[in-house]
Amino acid sequence: MLLHAFPFSSAMWLSQREGLAPVCRVITPDLRGFGGTPLGDARPSIDVMADDVAHLLDQEGIDRAVVGGLSMGGYVTMAFCRRHPDRLLGVILADTKAGADDEQAKANRERIAQAVLEKGSDVLLDQLTSLVGVTTQQRRGMVLGRVRGLIKVAPPKAVAWAQRAMANRRDSFDTLRGLRVPALVIVGDEDRLSPLAEAEAMAEAIPEAKLAVIEQAGHLSAVERPEEFNRLVADFVRSLG
């Protein structure tokens with residue numbers, strides 16, 4: 001189960017759905033409000049998203065799964081670990097962080113939420129260069145174009161809801177310290193939003209964790225270097241037996 005980043009949909013996992021299919025069943029849901037999933041009327045909450053994932057597992061008849069996510073998907077994964085620990089076979093945390101937002105970050109999220117509701121999701125394009133690494137900006141024009149396109153179709157109401165949900169999320173370090181399943185922590189070496197230090201802190205907190213750094217990748221490591229990302233995930237899944 002792979003959970004997408006903000007402000008994308010499950011479309012960001014196309015290379016993972018194809019590349020990992022020979023190794024395991026891959027489920028890539030649209031988190032609420034994005035892609036084909038309705039936003040609903042719940043208050044903004046990462047916990048609500050985590051419970052959505054558990055409900056989807058129920059619908060699919062799956063008792064336990066490897067659950068992972070990138071960026072916002074990582075926040076949802078950590079909430080899932082806290083709320084549904086008995087459903088886990090393993091955990092993947094990519095380009096994300098376990099700490100809660102400080103007041104400045106919360107205020108910035110609210111500013112963005114209001115701007116998107118007023119002007120549309122194109123305002124998020126200002127963040128494009130922070131989402132991908134320098135190498136992608138210089139050498140991977142097709143990837144850059146794909147990311148830009150995914151941003152432009154993000155539904156404004158879902159964007160605002162997700163920003164407020166992320167602003168309200170709790171610190172997850174205690175959750176990570178209590179994990180009783182293996183974990184893989186992945187980070188792009190050019191990630192400026194969730195840099196290596198954040199990944200190291202998560203890996204150190206988890207009793208049984210492996211840290212993997214993807215070179216020449218930024219915050220969207222799975223999109224920027226999908227083959228390497230898939231190799232790491234495939235090896236991790238195989239190691240679980």
# chains A, B, ... in the order shown; residues from 1 in each chain; ligands from 1
call {"tool": "select_by_dssp", "arguments": {"residues": "range 48-240 of chain A", "states": "strand (DSSP E or B)", "output": "JSON, numbers by chain"}}
result
{"A": [65, 66, 67, 68, 69, 70, 88, 89, 90, 91, 92, 93, 94, 183, 184, 185, 186, 187, 188, 209, 210, 211, 212, 213, 214]}
call {"tool": "write_last_selection", "arguments": {"atoms": "C-alpha atoms", "output": "PDB file, in the first residue's frame"}}
result
ATOM      1  CA  ALA A  65       0.104  -5.179   4.558  1.00  0.00           C
ATOM      2  CA  VAL A  66       3.326  -3.308   4.006  1.00  0.00           C
ATOM      3  CA  VAL A  67       2.189   0.308   4.266  1.00  0.00           C
ATOM      4  CA  GLY A  68       4.308   3.158   3.017  1.00  0.00           C
ATOM      5  CA  GLY A  69       4.087   6.726   1.898  1.00  0.00           C
ATOM      6  CA  LEU A  70       6.051   9.650   0.554  1.00  0.00           C
ATOM      7  CA  LEU A  88       1.259  -3.933   9.532  1.00  0.00           C
ATOM      8  CA  LEU A  89       3.736  -6.315   7.925  1.00  0.00           C
ATOM      9  CA  GLY A  90       6.288  -3.569   7.356  1.00  0.00           C
ATOM     10  CA  VAL A  91       6.582   0.189   6.962  1.00  0.00           C
ATOM     11  CA  ILE A  92       8.125   2.415   4.268  1.00  0.00           C
ATOM     12  CA  LEU A  93       8.727   6.105   4.998  1.00  0.00           C
ATOM     13  CA  ALA A  94      10.030   8.132   2.069  1.00  0.00           C
ATOM     14  CA  ALA A 183      10.872  -0.384   8.371  1.00  0.00           C
ATOM     15  CA  LEU A 184      12.591   1.117   5.349  1.00  0.00           C
ATOM     16  CA  VAL A 185      13.377   4.841   5.448  1.00  0.00           C
ATOM     17  CA  ILE A 186      14.180   6.396   2.063  1.00  0.00           C
ATOM     18  CA  VAL A 187      15.392   9.910   1.301  1.00  0.00           C
ATOM     19  CA  GLY A 188      16.697  11.703  -1.765  1.00  0.00           C
ATOM     20  CA  ALA A 209      14.970   0.161  10.402  1.00  0.00           C
ATOM     21  CA  LYS A 210      17.111   0.425   7.308  1.00  0.00           C
ATOM     22  CA  LEU A 211      18.032   3.847   5.914  1.00  0.00           C
ATOM     23  CA  ALA A 212      18.536   4.215   2.158  1.00  0.00           C
ATOM     24  CA  VAL A 213      19.670   7.372   0.367  1.00  0.00           C
ATOM     25  CA  ILE A 214      18.803   7.834  -3.308  1.00  0.00           C
TER      26      ILE A 214
END
call {"tool": "closest_residue", "arguments": {"among": "A:Ile206, A:Leu125, A:Ile151, A:Leu179", "to": "Phe34 in chain A", "atoms": "only C-alpha atoms"}}
result
A:Ile151
call {"tool": "closest_atom_pairs", "arguments": {"of": "range 107-159 of chain A", "to": "range 219-233 of chain A", "cutoff": "9 Å", "atoms": "only C-alpha atoms", "output": "JSON lines"}}
result
{"residue": "A:Ser130", "atom": "CA", "partner": "A:His219", "partner_atom": "CA", "distance": 7.5}
{"residue": "A:Leu131", "atom": "CA", "partner": "A:His219", "partner_atom": "CA", "distance": 5.2}
{"residue": "A:Val132", "atom": "CA", "partner": "A:His219", "partner_atom": "CA", "distance": 5.4}
{"residue": "A:Gly133", "atom": "CA", "partner": "A:His219", "partner_atom": "CA", "distance": 6.8}
{"residue": "A:Thr136", "atom": "CA", "partner": "A:Glu224", "partner_atom": "CA", "distance": 6.7}
{"residue": "A:Arg140", "atom": "CA", "partner": "A:Glu224", "partner_atom": "CA", "distance": 8.0}
{"residue": "A:Val143", "atom": "CA", "partner": "A:Glu224", "partner_atom": "CA", "distance": 6.6}
{"residue": "A:Leu144", "atom": "CA", "partner": "A:Glu224", "partner_atom": "CA", "distance": 8.7}
{"residue": "A:Val147", "atom": "CA", "partner": "A:Val223", "partner_atom": "CA", "distance": 8.4}
call {"tool": "write_last_selection", "arguments": {"atoms": "C-alpha atoms", "output": "mmCIF file, in the first residue's frame"}}
result
data_model
loop_
_atom_site.group_PDB
_atom_site.id
_atom_site.type_symbol
_atom_site.label_atom_id
_atom_site.label_comp_id
_atom_site.auth_asym_id
_atom_site.auth_seq_id
_atom_site.Cartn_x
_atom_site.Cartn_y
_atom_site.Cartn_z
ATOM 1 C CA SER A 130 11.482 22.723 -3.863
ATOM 2 C CA LEU A 131 9.699 19.462 -4.698
ATOM 3 C CA VAL A 132 12.367 18.073 -7.007
ATOM 4 C CA GLY A 133 16.155 17.977 -6.775
ATOM 5 C CA THR A 136 15.913 16.782 -11.980
ATOM 6 C CA ARG A 140 14.916 15.596 -16.329
ATOM 7 C CA VAL A 143 9.805 14.507 -14.997
ATOM 8 C CA LEU A 144 9.544 18.218 -14.274
ATOM 9 C CA VAL A 147 5.125 17.011 -11.771
#
call {"tool": "closest_residue", "arguments": {"among": "A:Ala167, A:Leu3, A:Val53, A:Val134", "to": "Glu103 in chain A", "atoms": "only C-alpha atoms"}}
result
A:Ala167
call {"tool": "select_by_dssp", "arguments": {"residues": "chain A", "states": "helix (DSSP H, G or I)", "output": "PDB file with C-alpha atoms, in the first residue's frame"}}
result
ATOM      1  CA  SER A  10      -2.116   7.988  -6.941  1.00  0.00           C
ATOM      2  CA  ALA A  11      -0.986   8.882 -10.477  1.00  0.00           C
ATOM      3  CA  MET A  12       2.448   9.672  -9.035  1.00  0.00           C
ATOM      4  CA  TRP A  13       2.934   5.933  -8.369  1.00  0.00           C
ATOM      5  CA  LEU A  14       2.606   4.804 -12.019  1.00  0.00           C
ATOM      6  CA  SER A  15       6.211   3.568 -12.181  1.00  0.00           C
ATOM      7  CA  GLN A  16       5.779   1.724  -8.883  1.00  0.00           C
ATOM      8  CA  ARG A  17       2.581   0.007  -9.951  1.00  0.00           C
ATOM      9  CA  GLU A  18       4.349  -1.270 -13.052  1.00  0.00           C
ATOM     10  CA  GLY A  19       7.813  -1.876 -11.640  1.00  0.00           C
ATOM     11  CA  ILE A  46      -4.240  12.923   9.026  1.00  0.00           C
ATOM     12  CA  ASP A  47      -5.859  10.385  11.351  1.00  0.00           C
ATOM     13  CA  VAL A  48      -8.983  10.402   9.182  1.00  0.00           C
ATOM     14  CA  MET A  49      -6.827   9.600   6.171  1.00  0.00           C
ATOM     15  CA  ALA A  50      -5.162   6.748   8.088  1.00  0.00           C
ATOM     16  CA  ASP A  51      -8.550   5.291   8.980  1.00  0.00           C
ATOM     17  CA  ASP A  52      -9.525   5.546   5.299  1.00  0.00           C
ATOM     18  CA  VAL A  53      -6.538   3.316   4.502  1.00  0.00           C
ATOM     19  CA  ALA A  54      -7.625   0.757   7.102  1.00  0.00           C
ATOM     20  CA  HIS A  55     -11.132   0.792   5.628  1.00  0.00           C
ATOM     21  CA  LEU A  56      -9.702   0.168   2.163  1.00  0.00           C
ATOM     22  CA  LEU A  57      -7.768  -2.833   3.481  1.00  0.00           C
ATOM     23  CA  ASP A  58     -11.040  -4.148   4.890  1.00  0.00           C
ATOM     24  CA  GLN A  59     -12.736  -3.668   1.522  1.00  0.00           C
ATOM     25  CA  GLU A  60      -9.915  -5.536  -0.220  1.00  0.00           C
ATOM     26  CA  MET A  72       2.219  13.583   3.187  1.00  0.00           C
ATOM     27  CA  GLY A  73       1.763   9.876   2.515  1.00  0.00           C
ATOM     28  CA  GLY A  74       4.460   9.296   5.126  1.00  0.00           C
ATOM     29  CA  TYR A  75       2.486  11.331   7.664  1.00  0.00           C
ATOM     30  CA  VAL A  76      -0.552   9.166   6.945  1.00  0.00           C
ATOM     31  CA  THR A  77       1.572   6.030   7.241  1.00  0.00           C
ATOM     32  CA  MET A  78       2.820   7.058  10.685  1.00  0.00           C
ATOM     33  CA  ALA A  79      -0.743   7.781  11.802  1.00  0.00           C
ATOM     34  CA  PHE A  80      -1.721   4.343  10.474  1.00  0.00           C
ATOM     35  CA  CYS A  81       1.118   2.811  12.512  1.00  0.00           C
ATOM     36  CA  ARG A  82      -0.263   4.487  15.633  1.00  0.00           C
ATOM     37  CA  ARG A  83      -3.932   3.701  15.033  1.00  0.00           C
ATOM     38  CA  PRO A  85      -0.452  -1.384  14.376  1.00  0.00           C
ATOM     39  CA  ASP A  86      -1.940  -4.870  14.068  1.00  0.00           C
ATOM     40  CA  ARG A  87      -2.447  -4.354  10.311  1.00  0.00           C
ATOM     41  CA  GLU A 103       3.796  27.662  14.569  1.00  0.00           C
ATOM     42  CA  GLN A 104       5.511  29.254  11.572  1.00  0.00           C
ATOM     43  CA  ALA A 105       4.957  26.150   9.442  1.00  0.00           C
ATOM     44  CA  LYS A 106       1.313  25.961  10.531  1.00  0.00           C
ATOM     45  CA  ALA A 107       0.778  29.595   9.578  1.00  0.00           C
ATOM     46  CA  ASN A 108       2.371  29.005   6.182  1.00  0.00           C
ATOM     47  CA  ARG A 109       0.094  26.035   5.524  1.00  0.00           C
ATOM     48  CA  GLU A 110      -2.962  28.145   6.337  1.00  0.00           C
ATOM     49  CA  ARG A 111      -1.704  30.898   4.040  1.00  0.00           C
ATOM     50  CA  ILE A 112      -1.342  28.393   1.204  1.00  0.00           C
ATOM     51  CA  ALA A 113      -4.762  26.864   1.914  1.00  0.00           C
ATOM     52  CA  GLN A 114      -6.441  30.246   1.653  1.00  0.00           C
ATOM     53  CA  ALA A 115      -4.475  31.225  -1.459  1.00  0.00           C
ATOM     54  CA  VAL A 116      -5.449  28.035  -3.275  1.00  0.00           C
ATOM     55  CA  LEU A 117      -9.115  28.445  -2.381  1.00  0.00           C
ATOM     56  CA  GLU A 118      -9.020  32.005  -3.719  1.00  0.00           C
ATOM     57  CA  LYS A 119      -6.823  31.601  -6.797  1.00  0.00           C
ATOM     58  CA  SER A 121      -3.984  25.251  -7.495  1.00  0.00           C
ATOM     59  CA  ASP A 122      -1.674  27.044  -9.934  1.00  0.00           C
ATOM     60  CA  VAL A 123      -0.352  29.016  -6.952  1.00  0.00           C
ATOM     61  CA  LEU A 124       1.343  25.785  -5.857  1.00  0.00           C
ATOM     62  CA  LEU A 125       3.584  25.909  -8.919  1.00  0.00           C
ATOM     63  CA  ASP A 126       5.744  28.365  -6.966  1.00  0.00           C
ATOM     64  CA  GLN A 127       6.845  25.348  -4.884  1.00  0.00           C
ATOM     65  CA  LEU A 128       7.839  23.242  -7.879  1.00  0.00           C
ATOM     66  CA  THR A 129      11.586  23.746  -7.525  1.00  0.00           C
ATOM     67  CA  SER A 130      11.482  22.723  -3.863  1.00  0.00           C
ATOM     68  CA  LEU A 131       9.699  19.462  -4.698  1.00  0.00           C
ATOM     69  CA  VAL A 134      18.654  20.095  -8.639  1.00  0.00           C
ATOM     70  CA  THR A 135      19.534  17.170 -10.905  1.00  0.00           C
ATOM     71  CA  THR A 136      15.913  16.782 -11.980  1.00  0.00           C
ATOM     72  CA  GLN A 137      15.605  20.515 -12.610  1.00  0.00           C
ATOM     73  CA  GLN A 138      18.689  20.443 -14.830  1.00  0.00           C
ATOM     74  CA  ARG A 139      18.418  17.084 -16.592  1.00  0.00           C
ATOM     75  CA  GLY A 141      12.620  17.881 -18.239  1.00  0.00           C
ATOM     76  CA  MET A 142       9.954  15.212 -18.726  1.00  0.00           C
ATOM     77  CA  VAL A 143       9.805  14.507 -14.997  1.00  0.00           C
ATOM     78  CA  LEU A 144       9.544  18.218 -14.274  1.00  0.00           C
ATOM     79  CA  GLY A 145       6.714  18.547 -16.769  1.00  0.00           C
ATOM     80  CA  ARG A 146       4.881  15.591 -15.286  1.00  0.00           C
ATOM     81  CA  VAL A 147       5.125  17.011 -11.771  1.00  0.00           C
ATOM     82  CA  ARG A 148       3.880  20.384 -13.009  1.00  0.00           C
ATOM     83  CA  GLY A 149       0.896  18.730 -14.656  1.00  0.00           C
ATOM     84  CA  LEU A 150      -0.012  16.779 -11.522  1.00  0.00           C
ATOM     85  CA  ILE A 151       0.085  19.962  -9.461  1.00  0.00           C
ATOM     86  CA  LYS A 152      -2.169  21.869 -11.858  1.00  0.00           C
ATOM     87  CA  PRO A 156      -8.336  23.324  -4.489  1.00  0.00           C
ATOM     88  CA  LYS A 157     -10.695  22.154  -1.718  1.00  0.00           C
ATOM     89  CA  ALA A 158      -8.651  18.987  -1.227  1.00  0.00           C
ATOM     90  CA  VAL A 159      -5.431  20.999  -1.216  1.00  0.00           C
ATOM     91  CA  ALA A 160      -6.732  23.298   1.524  1.00  0.00           C
ATOM     92  CA  TRP A 161      -8.119  20.382   3.536  1.00  0.00           C
ATOM     93  CA  ALA A 162      -4.825  18.492   3.315  1.00  0.00           C
ATOM     94  CA  GLN A 163      -2.768  21.547   4.294  1.00  0.00           C
ATOM     95  CA  ARG A 164      -4.882  21.987   7.410  1.00  0.00           C
ATOM     96  CA  ALA A 165      -4.696  18.270   8.174  1.00  0.00           C
ATOM     97  CA  MET A 166      -0.894  18.336   7.948  1.00  0.00           C
ATOM     98  CA  ALA A 167      -0.729  21.453  10.123  1.00  0.00           C
ATOM     99  CA  PHE A 173       8.500   9.830  17.205  1.00  0.00           C
ATOM    100  CA  ASP A 174       6.862   7.862  20.032  1.00  0.00           C
ATOM    101  CA  THR A 175       4.938   5.908  17.396  1.00  0.00           C
ATOM    102  CA  LEU A 176       8.165   5.079  15.566  1.00  0.00           C
ATOM    103  CA  ARG A 177       9.885   3.986  18.774  1.00  0.00           C
ATOM    104  CA  LEU A 196      18.723  13.508   5.300  1.00  0.00           C
ATOM    105  CA  ALA A 197      18.814  14.591   8.958  1.00  0.00           C
ATOM    106  CA  GLU A 198      15.061  13.995   9.227  1.00  0.00           C
ATOM    107  CA  ALA A 199      15.409  10.521   7.704  1.00  0.00           C
ATOM    108  CA  GLU A 200      18.287   9.685  10.040  1.00  0.00           C
ATOM    109  CA  ALA A 201      16.231  10.745  13.059  1.00  0.00           C
ATOM    110  CA  MET A 202      13.346   8.486  12.017  1.00  0.00           C
ATOM    111  CA  ALA A 203      15.609   5.526  11.308  1.00  0.00           C
ATOM    112  CA  GLU A 204      17.299   5.962  14.677  1.00  0.00           C
ATOM    113  CA  ALA A 205      13.942   6.003  16.470  1.00  0.00           C
ATOM    114  CA  SER A 221      12.462  10.442  -5.072  1.00  0.00           C
ATOM    115  CA  ALA A 222       9.954   7.837  -6.311  1.00  0.00           C
ATOM    116  CA  VAL A 223       9.107  10.020  -9.314  1.00  0.00           C
ATOM    117  CA  GLU A 224      12.610  11.344  -9.990  1.00  0.00           C
ATOM    118  CA  PRO A 226      11.767   5.323  -9.944  1.00  0.00           C
ATOM    119  CA  GLU A 227      14.057   2.414 -10.824  1.00  0.00           C
ATOM    120  CA  GLU A 228      16.208   2.934  -7.746  1.00  0.00           C
ATOM    121  CA  PHE A 229      13.189   3.525  -5.534  1.00  0.00           C
ATOM    122  CA  ASN A 230      11.570   0.335  -6.832  1.00  0.00           C
ATOM    123  CA  ARG A 231      14.749  -1.660  -6.256  1.00  0.00           C
ATOM    124  CA  LEU A 232      14.886  -0.572  -2.628  1.00  0.00           C
ATOM    125  CA  VAL A 233      11.216  -1.364  -2.033  1.00  0.00           C
ATOM    126  CA  ALA A 234      11.424  -4.733  -3.810  1.00  0.00           C
ATOM    127  CA  ASP A 235      14.444  -5.765  -1.748  1.00  0.00           C
ATOM    128  CA  PHE A 236      12.657  -4.693   1.429  1.00  0.00           C
ATOM    129  CA  VAL A 237       9.483  -6.625   0.587  1.00  0.00           C
ATOM    130  CA  ARG A 238      11.502  -9.739  -0.268  1.00  0.00           C
ATOM    131  CA  SER A 239      13.349  -9.478   3.050  1.00  0.00           C
TER     132      SER A 239
END
call {"tool": "atom_distance", "arguments": {"atom1": "CA of Arg169 in chain A", "atom2": "CA of Val26 in chain A"}}
result
26.5 Å
call {"tool": "decode", "arguments": {"residues": "range 150-208 of chain A", "atoms": "C-alpha atoms", "output": "mmCIF file, in the first residue's frame"}}
result
data_model
loop_
_atom_site.group_PDB
_atom_site.id
_atom_site.type_symbol
_atom_site.label_atom_id
_atom_site.label_comp_id
_atom_site.auth_asym_id
_atom_site.auth_seq_id
_atom_site.Cartn_x
_atom_site.Cartn_y
_atom_site.Cartn_z
ATOM 1 C CA LEU A 150 -0.012 16.779 -11.522
ATOM 2 C CA ILE A 151 0.085 19.962 -9.461
ATOM 3 C CA LYS A 152 -2.169 21.869 -11.858
ATOM 4 C CA VAL A 153 -5.001 19.314 -11.577
ATOM 5 C CA ALA A 154 -5.001 19.194 -7.770
ATOM 6 C CA PRO A 155 -8.506 20.057 -6.485
ATOM 7 C CA PRO A 156 -8.336 23.324 -4.489
ATOM 8 C CA LYS A 157 -10.695 22.154 -1.718
ATOM 9 C CA ALA A 158 -8.651 18.987 -1.227
ATOM 10 C CA VAL A 159 -5.431 20.999 -1.216
ATOM 11 C CA ALA A 160 -6.732 23.298 1.524
ATOM 12 C CA TRP A 161 -8.119 20.382 3.536
ATOM 13 C CA ALA A 162 -4.825 18.492 3.315
ATOM 14 C CA GLN A 163 -2.768 21.547 4.294
ATOM 15 C CA ARG A 164 -4.882 21.987 7.410
ATOM 16 C CA ALA A 165 -4.696 18.270 8.174
ATOM 17 C CA MET A 166 -0.894 18.336 7.948
ATOM 18 C CA ALA A 167 -0.729 21.453 10.123
ATOM 19 C CA ASN A 168 -2.704 19.658 12.848
ATOM 20 C CA ARG A 169 -0.753 16.415 12.811
ATOM 21 C CA ARG A 170 0.957 15.208 15.970
ATOM 22 C CA ASP A 171 4.580 14.313 16.585
ATOM 23 C CA SER A 172 5.152 10.663 15.612
ATOM 24 C CA PHE A 173 8.500 9.830 17.205
ATOM 25 C CA ASP A 174 6.862 7.862 20.032
ATOM 26 C CA THR A 175 4.938 5.908 17.396
ATOM 27 C CA LEU A 176 8.165 5.079 15.566
ATOM 28 C CA ARG A 177 9.885 3.986 18.774
ATOM 29 C CA GLY A 178 7.016 1.589 19.373
ATOM 30 C CA LEU A 179 7.080 -0.054 15.924
ATOM 31 C CA ARG A 180 7.301 -3.833 16.087
ATOM 32 C CA VAL A 181 7.766 -4.486 12.373
ATOM 33 C CA PRO A 182 10.700 -3.776 10.030
ATOM 34 C CA ALA A 183 10.872 -0.384 8.371
ATOM 35 C CA LEU A 184 12.591 1.117 5.349
ATOM 36 C CA VAL A 185 13.377 4.841 5.448
ATOM 37 C CA ILE A 186 14.180 6.396 2.063
ATOM 38 C CA VAL A 187 15.392 9.910 1.301
ATOM 39 C CA GLY A 188 16.697 11.703 -1.765
ATOM 40 C CA ASP A 189 20.098 13.236 -1.186
ATOM 41 C CA GLU A 190 18.861 16.496 -2.762
ATOM 42 C CA ASP A 191 15.662 16.666 -0.679
ATOM 43 C CA ARG A 192 15.411 20.113 0.884
ATOM 44 C CA LEU A 193 11.922 19.743 2.380
ATOM 45 C CA SER A 194 12.631 16.555 4.343
ATOM 46 C CA PRO A 195 16.432 16.336 4.311
ATOM 47 C CA LEU A 196 18.723 13.508 5.300
ATOM 48 C CA ALA A 197 18.814 14.591 8.958
ATOM 49 C CA GLU A 198 15.061 13.995 9.227
ATOM 50 C CA ALA A 199 15.409 10.521 7.704
ATOM 51 C CA GLU A 200 18.287 9.685 10.040
ATOM 52 C CA ALA A 201 16.231 10.745 13.059
ATOM 53 C CA MET A 202 13.346 8.486 12.017
ATOM 54 C CA ALA A 203 15.609 5.526 11.308
ATOM 55 C CA GLU A 204 17.299 5.962 14.677
ATOM 56 C CA ALA A 205 13.942 6.003 16.470
ATOM 57 C CA ILE A 206 12.642 2.798 14.845
ATOM 58 C CA PRO A 207 13.868 -0.419 16.528
ATOM 59 C CA GLU A 208 14.313 -2.297 13.228
#
